[in-house]
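target14.pdb (PDB, C-alpha atoms and all ligand atoms)
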ATOM      1  CA  MET Q 536      20.823  21.078  -3.412
ATOM      2  CA  THR Q 537      19.851  18.449  -0.738
ATOM      3  CA  ARG Q 538      20.071  14.744  -1.545
ATOM      4  CA  ALA Q 539      16.271  14.397  -1.663
ATOM      5  CA  ALA Q 540      15.979  17.382  -3.998
ATOM      6  CA  GLU Q 541      18.728  15.933  -6.182
ATOM      7  CA  ASP Q 542      17.160  12.465  -6.266
ATOM      8  CA  LEU Q 543      13.715  13.918  -6.815
ATOM      9  CA  SER Q 544      14.766  16.355  -9.489
ATOM     10  CA  ARG Q 545      15.741  13.312 -11.567
ATOM     11  CA  TYR Q 546      12.816  11.107 -10.469
ATOM     12  CA  ASP Q 547      10.173  10.556 -13.146
ATOM     13  CA  LEU Q 548       6.860  11.065 -11.284
ATOM     14  CA  ASP Q 549       4.976  10.956 -14.596
ATOM     15  CA  ALA Q 550       6.344   7.493 -15.311
ATOM     16  CA  LEU Q 551       5.305   6.293 -11.829
ATOM     17  CA  ASN Q 552       1.837   7.801 -12.292
ATOM     18  CA  ASN Q 553       1.442   6.184 -15.730
ATOM     19  CA  GLU Q 554       2.692   2.845 -14.418
ATOM     20  CA  LEU Q 555       0.208   2.712 -11.517
ATOM     21  CA  ARG Q 556      -2.820   4.579 -12.852
ATOM     22  CA  ASP Q 557      -4.462   1.454 -14.347
ATOM     23  CA  THR Q 558      -4.184  -0.432 -11.039
ATOM     24  CA  GLU Q 559      -7.593  -1.871 -10.256
ATOM     25  CA  GLY Q 560      -9.137  -2.647  -6.876
ATOM     26  CA  GLY Q 561     -10.663  -0.693  -4.023
ATOM     27  CA  GLU Q 562     -13.962   1.131  -3.668
ATOM     28  CA  VAL Q 563     -14.793   4.857  -3.692
ATOM     29  CA  ASP Q 564     -16.069   5.807  -0.225
ATOM     30  CA  ASP Q 565     -19.863   6.196  -0.060
ATOM     31  CA  SER Q 566     -20.258   6.963   3.648
ATOM     32  CA  ILE Q 567     -20.567  10.636   2.665
ATOM     33  CA  PRO Q 568     -22.728  11.217  -0.469
ATOM     34  CA  GLU Q 569     -20.448  13.923  -1.863
ATOM     35  CA  LEU Q 570     -17.426  11.589  -1.747
ATOM     36  CA  ALA Q 571     -19.304   8.881  -3.665
ATOM     37  CA  LYS Q 572     -19.330  11.208  -6.699
ATOM     38  CA  ALA Q 573     -15.524  11.055  -7.067
ATOM     39  CA  ASP Q 574     -14.085   9.683 -10.325
ATOM     40  CA  PRO Q 575     -12.321   6.395  -9.413
ATOM     41  CA  ALA Q 576      -9.774   6.921 -12.199
ATOM     42  CA  LEU Q 577      -8.317  10.084 -10.642
ATOM     43  CA  PHE Q 578      -4.708   9.684  -9.509
ATOM     44  CA  GLY Q 579      -2.323  12.479  -8.550
ATOM     45  CA  ILE Q 580       1.177  12.406  -6.992
ATOM     46  CA  ALA Q 581       3.152  15.376  -5.680
ATOM     47  CA  THR Q 582       6.360  15.980  -3.710
ATOM     48  CA  VAL Q 583       7.838  19.058  -2.050
ATOM     49  CA  THR Q 584      11.488  19.292  -0.958
ATOM     50  CA  ARG Q 585      13.306  21.595   1.448
ATOM     51  CA  ASP Q 586      14.150  24.097  -1.279
ATOM     52  CA  GLY Q 587      10.419  24.468  -1.950
ATOM     53  CA  ASP Q 588      10.581  22.596  -5.253
ATOM     54  CA  ILE Q 589       7.075  21.283  -6.015
ATOM     55  CA  ARG Q 590       6.944  18.365  -8.448
ATOM     56  CA  SER Q 591       3.760  16.568  -9.481
ATOM     57  CA  ALA Q 592       2.170  14.173 -11.939
ATOM     58  CA  GLY Q 593      -1.309  13.124 -13.018
ATOM     59  CA  ASP Q 594      -4.391  14.686 -11.453
ATOM     60  CA  SER Q 595      -2.384  16.703  -8.926
ATOM     61  CA  ARG Q 596      -4.525  19.847  -9.187
ATOM     62  CA  ILE Q 597      -7.928  18.186  -8.784
ATOM     63  CA  PRO Q 598      -9.464  19.349  -5.463
ATOM     64  CA  PHE Q 599     -10.611  16.907  -2.774
ATOM     65  CA  SER Q 600     -11.551  17.165   0.896
ATOM     66  CA  LEU Q 601      -8.899  16.285   3.466
ATOM     67  CA  GLN Q 602     -11.156  14.024   5.540
ATOM     68  CA  SER Q 603      -8.991  12.161   8.067
ATOM     69  CA  ALA Q 604      -5.783  13.488   6.494
ATOM     70  CA  VAL Q 605      -6.652  16.651   8.459
ATOM     71  CA  LYS Q 606      -6.366  14.865  11.807
ATOM     72  CA  PRO Q 607      -2.570  15.125  12.351
ATOM     73  CA  PHE Q 608      -2.718  18.818  11.533
ATOM     74  CA  VAL Q 609      -5.618  19.470  13.935
ATOM     75  CA  TYR Q 610      -3.679  17.497  16.569
ATOM     76  CA  ALA Q 611      -0.619  19.686  15.919
ATOM     77  CA  LEU Q 612      -2.667  22.885  16.250
ATOM     78  CA  ALA Q 613      -4.223  21.626  19.501
ATOM     79  CA  LEU Q 614      -0.720  20.842  20.820
ATOM     80  CA  MET Q 615       0.405  24.335  19.825
ATOM     81  CA  ASP Q 616      -2.542  25.819  21.740
ATOM     82  CA  LYS Q 617      -2.768  23.578  24.816
ATOM     83  CA  GLY Q 618       0.574  21.760  25.009
ATOM     84  CA  ASP Q 619       0.754  18.815  27.402
ATOM     85  CA  ASP Q 620      -2.946  19.089  28.262
ATOM     86  CA  ILE Q 621      -3.547  17.466  24.860
ATOM     87  CA  LEU Q 622      -1.218  14.583  25.736
ATOM     88  CA  ASP Q 623      -3.307  14.116  28.903
ATOM     89  CA  ALA Q 624      -6.631  14.344  27.010
ATOM     90  CA  VAL Q 625      -5.940  11.858  24.187
ATOM     91  CA  GLY Q 626      -3.917   8.633  24.132
ATOM     92  CA  THR Q 627      -1.147   7.881  21.638
ATOM     93  CA  GLU Q 628      -1.685   4.159  21.159
ATOM     94  CA  PRO Q 629      -2.843   2.411  17.937
ATOM     95  CA  THR Q 630      -6.105   0.501  18.141
ATOM     96  CA  GLY Q 631      -5.765  -1.957  15.254
ATOM     97  CA  GLN Q 632      -9.429  -1.136  14.567
ATOM     98  CA  ALA Q 633     -11.349   1.030  12.103
ATOM     99  CA  PHE Q 634     -11.183   4.825  12.270
ATOM    100  CA  ASP Q 635     -14.740   5.107  13.620
ATOM    101  CA  ALA Q 636     -14.516   2.275  16.154
ATOM    102  CA  ILE Q 637     -16.273   2.873  19.498
ATOM    103  CA  VAL Q 638     -13.065   2.337  21.463
ATOM    104  CA  PHE Q 639     -11.818   4.231  24.542
ATOM    105  CA  GLU Q 640      -9.060   3.543  27.077
ATOM    106  CA  SER Q 641     -10.661   1.351  29.779
ATOM    107  CA  GLU Q 642      -9.054   3.044  32.776
ATOM    108  CA  THR Q 643      -9.295   6.700  31.673
ATOM    109  CA  GLY Q 644     -12.148   6.785  29.144
ATOM    110  CA  ARG Q 645      -9.801   8.748  26.837
ATOM    111  CA  PRO Q 646      -9.856   8.245  23.063
ATOM    112  CA  PRO Q 647      -6.941   5.893  22.181
ATOM    113  CA  ASN Q 648      -5.224   8.322  19.780
ATOM    114  CA  PRO Q 649      -5.894  11.524  17.768
ATOM    115  CA  MET Q 650      -5.946   9.725  14.394
ATOM    116  CA  VAL Q 651      -9.311   7.998  14.989
ATOM    117  CA  ASN Q 652     -12.619   9.881  14.920
ATOM    118  CA  ALA Q 653     -13.091  10.018  18.699
ATOM    119  CA  GLY Q 654      -9.600  11.435  19.197
ATOM    120  CA  ALA Q 655      -9.957  13.953  16.378
ATOM    121  CA  LEU Q 656     -13.366  15.109  17.619
ATOM    122  CA  LEU Q 657     -11.749  15.799  20.990
ATOM    123  CA  THR Q 658      -8.613  17.536  19.705
ATOM    124  CA  ALA Q 659     -10.741  19.731  17.403
ATOM    125  CA  SER Q 660     -12.720  20.798  20.509
ATOM    126  CA  LEU Q 661      -9.505  21.696  22.361
ATOM    127  CA  VAL Q 662      -7.934  24.207  19.953
ATOM    128  CA  ASP Q 663      -8.145  27.827  21.116
ATOM    129  CA  GLY Q 664     -11.575  29.423  20.769
ATOM    130  CA  ARG Q 665     -14.468  30.280  23.067
ATOM    131  CA  SER Q 666     -17.058  29.100  20.509
ATOM    132  CA  ALA Q 667     -17.342  26.615  17.651
ATOM    133  CA  GLU Q 668     -16.925  29.464  15.166
ATOM    134  CA  GLU Q 669     -13.752  30.696  16.853
ATOM    135  CA  ARG Q 670     -12.340  27.149  16.919
ATOM    136  CA  ILE Q 671     -13.170  26.728  13.225
ATOM    137  CA  GLU Q 672     -11.424  30.020  12.454
ATOM    138  CA  ARG Q 673      -8.380  28.941  14.497
ATOM    139  CA  ILE Q 674      -8.204  25.634  12.589
ATOM    140  CA  MET Q 675      -8.656  27.278   9.169
ATOM    141  CA  SER Q 676      -5.949  29.876   9.805
ATOM    142  CA  GLY Q 677      -3.587  27.237  11.217
ATOM    143  CA  LEU Q 678      -4.114  24.842   8.291
ATOM    144  CA  SER Q 679      -3.632  27.711   5.816
ATOM    145  CA  LYS Q 680      -0.284  28.611   7.436
ATOM    146  CA  ILE Q 681       0.823  24.951   7.214
ATOM    147  CA  ALA Q 682      -0.247  24.773   3.543
ATOM    148  CA  GLY Q 683       1.128  28.214   2.682
ATOM    149  CA  ARG Q 684      -2.191  29.080   1.037
ATOM    150  CA  ASP Q 685      -5.640  30.254   2.255
ATOM    151  CA  LEU Q 686      -7.751  27.100   2.404
ATOM    152  CA  VAL Q 687     -11.543  26.851   2.115
ATOM    153  CA  VAL Q 688     -14.225  24.324   3.090
ATOM    154  CA  ASP Q 689     -16.275  22.287   0.611
ATOM    155  CA  GLU Q 690     -19.720  23.301   1.875
ATOM    156  CA  ASN Q 691     -21.494  20.342   0.238
ATOM    157  CA  VAL Q 692     -19.161  17.871   1.934
ATOM    158  CA  ALA Q 693     -19.467  19.695   5.273
ATOM    159  CA  LYS Q 694     -23.268  19.558   5.048
ATOM    160  CA  SER Q 695     -23.366  15.833   4.316
ATOM    161  CA  GLU Q 696     -20.778  15.162   7.054
ATOM    162  CA  HIS Q 697     -22.930  16.970   9.581
ATOM    163  CA  LEU Q 698     -26.162  15.270   8.575
ATOM    164  CA  LEU Q 699     -24.597  11.800   8.524
ATOM    165  CA  GLY Q 700     -22.572  12.247  11.698
ATOM    166  CA  ASP Q 701     -24.721   9.936  13.887
ATOM    167  CA  ARG Q 702     -21.813   7.623  14.728
ATOM    168  CA  ASN Q 703     -19.594  10.607  15.467
ATOM    169  CA  ARG Q 704     -22.356  12.079  17.635
ATOM    170  CA  ALA Q 705     -22.488   8.770  19.526
ATOM    171  CA  LEU Q 706     -18.728   9.057  20.117
ATOM    172  CA  GLY Q 707     -19.275  12.627  21.264
ATOM    173  CA  TYR Q 708     -21.984  11.703  23.767
ATOM    174  CA  LEU Q 709     -19.864   8.832  25.126
ATOM    175  CA  MET Q 710     -17.005  11.310  25.678
ATOM    176  CA  ARG Q 711     -19.367  13.794  27.312
ATOM    177  CA  SER Q 712     -20.601  11.051  29.669
ATOM    178  CA  ALA Q 713     -16.966  10.091  30.446
ATOM    179  CA  GLY Q 714     -16.184  13.742  31.195
ATOM    180  CA  THR Q 715     -13.533  13.965  28.453
ATOM    181  CA  LEU Q 716     -15.444  16.189  25.985
ATOM    182  CA  HIS Q 717     -16.306  19.546  27.538
ATOM    183  CA  VAL Q 718     -18.135  21.272  24.685
ATOM    184  CA  ASP Q 719     -21.618  20.711  23.267
ATOM    185  CA  VAL Q 720     -21.624  17.579  21.053
ATOM    186  CA  ASP Q 721     -23.228  19.357  18.094
ATOM    187  CA  ASP Q 722     -20.560  22.075  18.310
ATOM    188  CA  ALA Q 723     -17.821  19.421  18.388
ATOM    189  CA  ILE Q 724     -19.308  17.692  15.326
ATOM    190  CA  HIS Q 725     -19.648  21.035  13.528
ATOM    191  CA  VAL Q 726     -15.982  21.949  14.025
ATOM    192  CA  TYR Q 727     -14.737  18.450  13.183
ATOM    193  CA  ALA Q 728     -16.954  18.141  10.062
ATOM    194  CA  ARG Q 729     -15.678  21.456   8.696
ATOM    195  CA  ALA Q 730     -12.069  20.450   9.354
ATOM    196  CA  CYS Q 731     -12.617  17.169   7.452
ATOM    197  CA  SER Q 732     -14.208  19.125   4.590
ATOM    198  CA  VAL Q 733     -11.248  21.461   3.979
ATOM    199  CA  LEU Q 734     -10.368  21.420   0.270
ATOM    200  CA  VAL Q 735      -6.824  20.773  -0.967
ATOM    201  CA  ASP Q 736      -5.244  19.268  -4.062
ATOM    202  CA  THR Q 737      -2.365  16.787  -4.196
ATOM    203  CA  GLU Q 738       0.278  19.531  -4.404
ATOM    204  CA  LEU Q 739      -1.142  21.328  -1.359
ATOM    205  CA  LEU Q 740      -1.280  18.044   0.571
ATOM    206  CA  ALA Q 741       2.395  17.419  -0.263
ATOM    207  CA  MET Q 742       3.153  20.981   0.898
ATOM    208  CA  MET Q 743       1.429  20.302   4.240
ATOM    209  CA  GLY Q 744       3.515  17.144   4.529
ATOM    210  CA  ALA Q 745       6.651  19.140   3.704
ATOM    211  CA  THR Q 746       5.940  21.591   6.546
ATOM    212  CA  LEU Q 747       5.998  18.571   8.856
ATOM    213  CA  ALA Q 748       9.115  17.209   7.098
ATOM    214  CA  PHE Q 749      11.052  20.426   7.772
ATOM    215  CA  GLY Q 750      10.383  20.977  11.446
ATOM    216  CA  GLY Q 751       7.148  22.945  11.088
ATOM    217  CA  ARG Q 752       8.511  25.492   8.594
ATOM    218  CA  ASN Q 753       6.704  25.821   5.263
ATOM    219  CA  PRO Q 754       9.484  25.461   2.651
ATOM    220  CA  VAL Q 755       7.946  28.002   0.254
ATOM    221  CA  THR Q 756       6.628  30.760   2.558
ATOM    222  CA  GLY Q 757       9.316  30.218   5.211
ATOM    223  CA  VAL Q 758       6.624  30.619   7.888
ATOM    224  CA  GLN Q 759       7.270  28.589  11.070
ATOM    225  CA  ALA Q 760       3.705  27.231  11.245
ATOM    226  CA  LEU Q 761       4.409  24.672  13.996
ATOM    227  CA  SER Q 762       7.128  24.203  16.607
ATOM    228  CA  HIS Q 763       9.709  21.449  16.143
ATOM    229  CA  GLU Q 764       8.531  19.761  19.352
ATOM    230  CA  VAL Q 765       4.918  19.665  18.141
ATOM    231  CA  VAL Q 766       6.044  18.236  14.786
ATOM    232  CA  THR Q 767       7.889  15.442  16.613
ATOM    233  CA  GLU Q 768       4.771  14.576  18.641
ATOM    234  CA  THR Q 769       2.626  14.656  15.493
ATOM    235  CA  LEU Q 770       4.929  12.510  13.341
ATOM    236  CA  SER Q 771       5.243   9.964  16.166
ATOM    237  CA  VAL Q 772       1.490   9.373  16.275
ATOM    238  CA  MET Q 773       1.247   9.352  12.477
ATOM    239  CA  ALA Q 774       3.925   6.654  12.380
ATOM    240  CA  THR Q 775       2.067   4.352  14.784
ATOM    241  CA  CYS Q 776      -1.605   5.185  14.073
ATOM    242  CA  GLY Q 777      -1.891   7.108  10.801
ATOM    243  CA  MET Q 778      -2.901   4.243   8.539
ATOM    244  CA  TYR Q 779      -5.447   2.699  10.912
ATOM    245  CA  ASP Q 780      -5.428  -1.068  11.070
ATOM    246  CA  GLY Q 781      -2.919  -1.080   8.232
ATOM    247  CA  SER Q 782      -0.370   0.969  10.204
ATOM    248  CA  GLY Q 783       1.884  -1.982  11.020
ATOM    249  CA  ARG Q 784       2.119  -3.165   7.412
ATOM    250  CA  TRP Q 785       2.589   0.430   6.264
ATOM    251  CA  LEU Q 786       5.490   1.088   8.653
ATOM    252  CA  ARG Q 787       7.171  -2.132   7.541
ATOM    253  CA  ARG Q 788       6.616  -1.550   3.783
ATOM    254  CA  VAL Q 789       6.896   2.249   3.470
ATOM    255  CA  GLY Q 790       8.532   3.317   6.742
ATOM    256  CA  LEU Q 791       7.189   6.898   6.818
ATOM    257  CA  PRO Q 792       4.812   8.784   9.146
ATOM    258  CA  ALA Q 793       1.593   9.121   7.133
ATOM    259  CA  LYS Q 794      -2.138   9.824   7.302
ATOM    260  CA  SER Q 795      -4.869   8.690   4.941
ATOM    261  CA  GLY Q 796      -8.420   9.951   4.395
ATOM    262  CA  VAL Q 797     -11.563   8.394   2.922
ATOM    263  CA  SER Q 798     -11.644  10.890   0.044
ATOM    264  CA  GLY Q 799      -8.524   9.052  -1.195
ATOM    265  CA  GLY Q 800      -5.911  11.545  -0.009
ATOM    266  CA  LEU Q 801      -2.706  10.299   1.621
ATOM    267  CA  VAL Q 802       0.106  12.424   3.057
ATOM    268  CA  ALA Q 803       3.499  10.869   3.873
ATOM    269  CA  VAL Q 804       6.498  12.566   5.493
ATOM    270  CA  ALA Q 805      10.196  11.758   5.092
ATOM    271  CA  PRO Q 806      11.622  13.921   7.905
ATOM    272  CA  GLY Q 807      14.293  16.303   6.641
ATOM    273  CA  ARG Q 808      13.863  15.095   3.068
ATOM    274  CA  VAL Q 809      10.453  15.419   1.426
ATOM    275  CA  GLY Q 810       6.694  15.809   1.832
ATOM    276  CA  ILE Q 811       4.574  13.472  -0.312
ATOM    277  CA  GLY Q 812       0.936  13.841  -1.331
ATOM    278  CA  VAL Q 813      -1.046  11.219  -3.240
ATOM    279  CA  TYR Q 814      -4.720  11.224  -4.241
ATOM    280  CA  SER Q 815      -6.802   8.422  -5.741
ATOM    281  CA  PRO Q 816     -10.367   7.715  -4.513
ATOM    282  CA  PRO Q 817     -10.574   3.879  -4.546
ATOM    283  CA  LEU Q 818      -9.874   2.645  -0.990
ATOM    284  CA  ASP Q 819      -8.656  -0.711   0.308
ATOM    285  CA  GLU Q 820     -10.408  -2.576   3.126
ATOM    286  CA  GLU Q 821      -8.585  -0.471   5.740
ATOM    287  CA  GLY Q 822      -9.814   2.811   4.201
ATOM    288  CA  ASN Q 823      -6.465   3.717   2.593
ATOM    289  CA  SER Q 824      -6.069   4.735  -1.080
ATOM    290  CA  VAL Q 825      -5.037   1.649  -3.116
ATOM    291  CA  ARG Q 826      -2.931   3.619  -5.614
ATOM    292  CA  GLY Q 827      -1.771   5.956  -2.851
ATOM    293  CA  VAL Q 828      -0.242   3.079  -0.892
ATOM    294  CA  LEU Q 829       1.420   1.610  -4.004
ATOM    295  CA  ALA Q 830       2.873   4.982  -5.070
ATOM    296  CA  SER Q 831       4.177   5.617  -1.542
ATOM    297  CA  GLU Q 832       5.831   2.188  -1.431
ATOM    298  CA  ARG Q 833       7.577   2.863  -4.739
ATOM    299  CA  LEU Q 834       8.759   6.352  -3.744
ATOM    300  CA  SER Q 835      10.056   5.000  -0.445
ATOM    301  CA  ASP Q 836      11.937   2.158  -2.172
ATOM    302  CA  ASP Q 837      13.264   4.153  -5.142
ATOM    303  CA  LEU Q 838      14.378   7.172  -3.088
ATOM    304  CA  GLU Q 839      15.470   5.131  -0.046
ATOM    305  CA  LEU Q 840      13.180   7.107   2.263
ATOM    306  CA  HIS Q 841      12.336   4.350   4.820
ATOM    307  CA  VAL Q 842      13.171   5.926   8.211
ATOM    308  CA  LEU Q 843      14.137   2.544   9.727
ATOM    309  CA  ARG Q 844      16.345   1.450   6.876
TER     310      ARG Q 844
HETATM  311  N1  LIG Q 901     -15.183  12.624   8.004
HETATM  312  C1  LIG Q 901     -14.947  11.199   8.065
HETATM  313  C2  LIG Q 901     -15.589  10.623   9.353
HETATM  314  O1  LIG Q 901     -15.800  11.384  10.278
HETATM  315  C3  LIG Q 901     -13.463  10.927   8.037
HETATM  316  C4  LIG Q 901     -13.113   9.455   7.989
HETATM  317  C5  LIG Q 901     -11.771   9.159   7.340
HETATM  318  O2  LIG Q 901     -11.299   9.876   6.469
HETATM  319  N2  LIG Q 901     -11.168   8.005   7.730
HETATM  320  O3  LIG Q 901     -15.846   9.432   9.440
END

Give the structure from this file in structure tokens form.
Ligand code: GLN
Amino acid sequence: MTRAAEDLSRYDLDALNNELRDTEGGEVDDSIPELAKADPALFGIATVTRDGDIRSAGDSRIPFSLQSAVKPFVYALALMDKGDDILDAVGTEPTGQAFDAIVFESETGRPPNPMVNAGALLTASLVDGRSAEERIERIMSGLSKIAGRDLVVDENVAKSEHLLGDRNRALGYLMRSAGTLHVDVDDAIHVYARACSVLVDTELLAMMGATLAFGGRNPVTGVQALSHEVVTETLSVMATCGMYDGSGRWLRRVGLPAKSGVSGGLVAVAPGRVGIGVYSPPLDEEGNSVRGVLASERLSDDLELHVLR
């Protein structure tokens, strides 16, 4: 049994969940009507180790949409399909600004990184597929391989994403005018909105994190969903940009590549040791789950996961 599996097999996730579940603070996201309906009390934690052992506590089977937690996985699929062309199309630098900031590299017009909306819109348009539908299918099959389970889209969330996507459309038109986005803006929004609306639960999110933790191989199905090189590129950008304008504090306090989403999901990766999924809707001012950040800090401290320690 690996060290992480050994540590984790004795770690009391229920106790951690009970200790943190009454933590107050944060707001449920209301930028998308469907997300505003989430119960602020929900709080799930899950971990998956190399031997495929799935451990969880609290509301770990309650479904939620991935939202921006999908972005590293879409980036990985685009890298699998188009290789270095993706590294040319999107930057890899943190912005220190919000996920939907209207920010592009001054000299190239490129989105600064694939973890912000502009970058994710572009990477979602660059996966293999001659049409929006084919690109959606490519993303759904790729995400399902990473998760080890057939995933579906929350149609209500996808609809409200699409209707409310004015800011994302503005980003799309700016990229079209800069010559960086080469597909129709509405198609780009459609693909991106459906990717953000993919339904998981905390255990599945931890499983997706575990596939990244173990070099692209899903620890339960054994399927090599991503190449090791693509996983390295993906984890690198998660480490510097995954938690938006809280990424610096996160790397100092938790020390793990991670990605948050406005539904309250948060995936963290301890390379070679464990994939972590946390879900709790109330968000802090940077758009990261309040309880998710606290739980990740505790797991990192208690299990000595910090990659720079
Ligand atoms: N779908 C949301 C958007 O496009 C995702 C934002 C997030 O999770 N940070 O704004």

Edge lengths and centre in Å to one decimal, as JSON, is what I'm after for the box along x, y and z that holds all listed atoms of region 664-674 of chain Q once 4 Å is added on each side.
{"center_x": -12.8, "center_y": 28.2, "center_z": 17.8, "size_x": 17.1, "size_y": 13.1, "size_z": 18.6}

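Every protein, DNA or RNA residue with an atom at most 9 Å from Thr756 (chain Q), where all atoms listed in the file count and chain neighbours fewer than 2 positions away do not, is listed here: Gly587, Lys680, Gly683, Arg752, Asn753, Pro754, Val758 and Gln759 of chain Q.
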
Practice problem: Return as a PyMOL selection string the set of residues that the PyMOL selection byres (((chain Q and resi 682) around 7) and not hetatm) yields on the displayed structure. | Solution: chain Q and resi 678-681+683-684+739+742-743

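Closest approach to Val605 (chain Q) among Q:Arg729, Q:Arg645, Q:His763, Q:Arg808: Q:Arg729, based on all atoms listed in the file.
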
Practice problem: I would like the residues chosen by the PyMOL selection byres (((chain Q and resi 828-844) around 6) and not hetatm) on the shown file; could you give them as a ChimeraX atom specification? | Solution: /Q:789-790,825-827

Per residue of chain Q within 10 Å of ligand LIG 901 (chain Q), what are the shortest atom pair and its distance in Å to one decimal, counting only C-alpha atoms and all ligand atoms, with rows by chain and residue number, as a tab-separated table?
residue	atom	partner	partner_atom	distance
Q:Asp564	CA	Q:LIG901	O2	9.2
Q:Ser566	CA	Q:LIG901	O3	7.7
Q:Ile567	CA	Q:LIG901	C1	7.8
Q:Ser600	CA	Q:LIG901	O2	9.2
Q:Leu601	CA	Q:LIG901	O2	7.5
Q:Gln602	CA	Q:LIG901	O2	4.3
Q:Ser603	CA	Q:LIG901	O2	3.6
Q:Ala604	CA	Q:LIG901	O2	6.6
Q:Val605	CA	Q:LIG901	O2	8.5
Q:Lys606	CA	Q:LIG901	O2	8.8
Q:Ala633	CA	Q:LIG901	N2	8.2
Q:Phe634	CA	Q:LIG901	N2	5.5
Q:Asp635	CA	Q:LIG901	O3	6.1
Q:Ala636	CA	Q:LIG901	O3	9.9
Q:Met650	CA	Q:LIG901	N2	8.6
Q:Val651	CA	Q:LIG901	N2	7.5
Q:Asn652	CA	Q:LIG901	O1	5.8
Q:Ala653	CA	Q:LIG901	O1	9.0
Q:Ala655	CA	Q:LIG901	O1	8.8
Q:Leu656	CA	Q:LIG901	O1	8.6
Q:Val692	CA	Q:LIG901	N1	9.0
Q:Ala693	CA	Q:LIG901	N1	8.7
Q:Ser695	CA	Q:LIG901	N1	9.5
Q:Glu696	CA	Q:LIG901	N1	6.2
Q:His697	CA	Q:LIG901	N1	9.0
Q:Leu699	CA	Q:LIG901	O1	9.0
Q:Gly700	CA	Q:LIG901	O1	7.0
Q:Asp701	CA	Q:LIG901	O1	9.7
Q:Arg702	CA	Q:LIG901	O3	8.2
Q:Asn703	CA	Q:LIG901	O1	6.5
Q:Arg704	CA	Q:LIG901	O1	9.9
Q:Ile724	CA	Q:LIG901	O1	8.8
Q:Tyr727	CA	Q:LIG901	O1	7.7
Q:Ala728	CA	Q:LIG901	N1	6.1
Q:Arg729	CA	Q:LIG901	N1	8.9
Q:Ala730	CA	Q:LIG901	N1	8.5
Q:Cys731	CA	Q:LIG901	N1	5.2
Q:Ser732	CA	Q:LIG901	N1	7.4
Q:Gly777	CA	Q:LIG901	N2	9.8
Q:Met778	CA	Q:LIG901	N2	9.1
Q:Tyr779	CA	Q:LIG901	N2	8.4
Q:Lys794	CA	Q:LIG901	O2	9.2
Q:Ser795	CA	Q:LIG901	O2	6.7
Q:Gly796	CA	Q:LIG901	O2	3.5
Q:Val797	CA	Q:LIG901	O2	3.9
Q:Ser798	CA	Q:LIG901	O2	6.5
Q:Gly799	CA	Q:LIG901	O2	8.2
Q:Gly800	CA	Q:LIG901	O2	8.6
Q:Leu801	CA	Q:LIG901	O2	9.9
Q:Glu821	CA	Q:LIG901	N2	9.1
Q:Gly822	CA	Q:LIG901	N2	6.4
Q:Asn823	CA	Q:LIG901	N2	8.2

Quiz item: Which neighbours of Pro647 (chain Q) fall inside 12 Å, counting all atoms listed in the file, when residues of the same chain fewer than 4 positions from it are skipped, and could you give them as a ChimeraX atom specification?
Solution: /Q:622-632,634-643,651-655,657,710,772,775-776,779

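Nearest to Ile621 (chain Q) of all the residues Q:Thr769, Q:Thr558, Q:Ser815, Q:Ser712 is Q:Thr769, counting all atoms listed in the file.
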
Exercise. List the residues selected by the PyMOL selection byres (((chain Q and resi 807) around 7) and not hetatm) in the file shown, writing them as a ChimeraX atom specification.
Key: /Q:748-749,805-806,808-809

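Distances here use all atoms listed in the file; by that measure, the residue among Q:Ser544, Q:Ser676, Q:Ser666, Q:Ser762 closest to Thr584 (chain Q) is Q:Ser544.
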
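For the atom pair formed by CA of Glu764 (chain Q) and CA of Asp722 (chain Q), the distance is 29.2 Å, given to one decimal.
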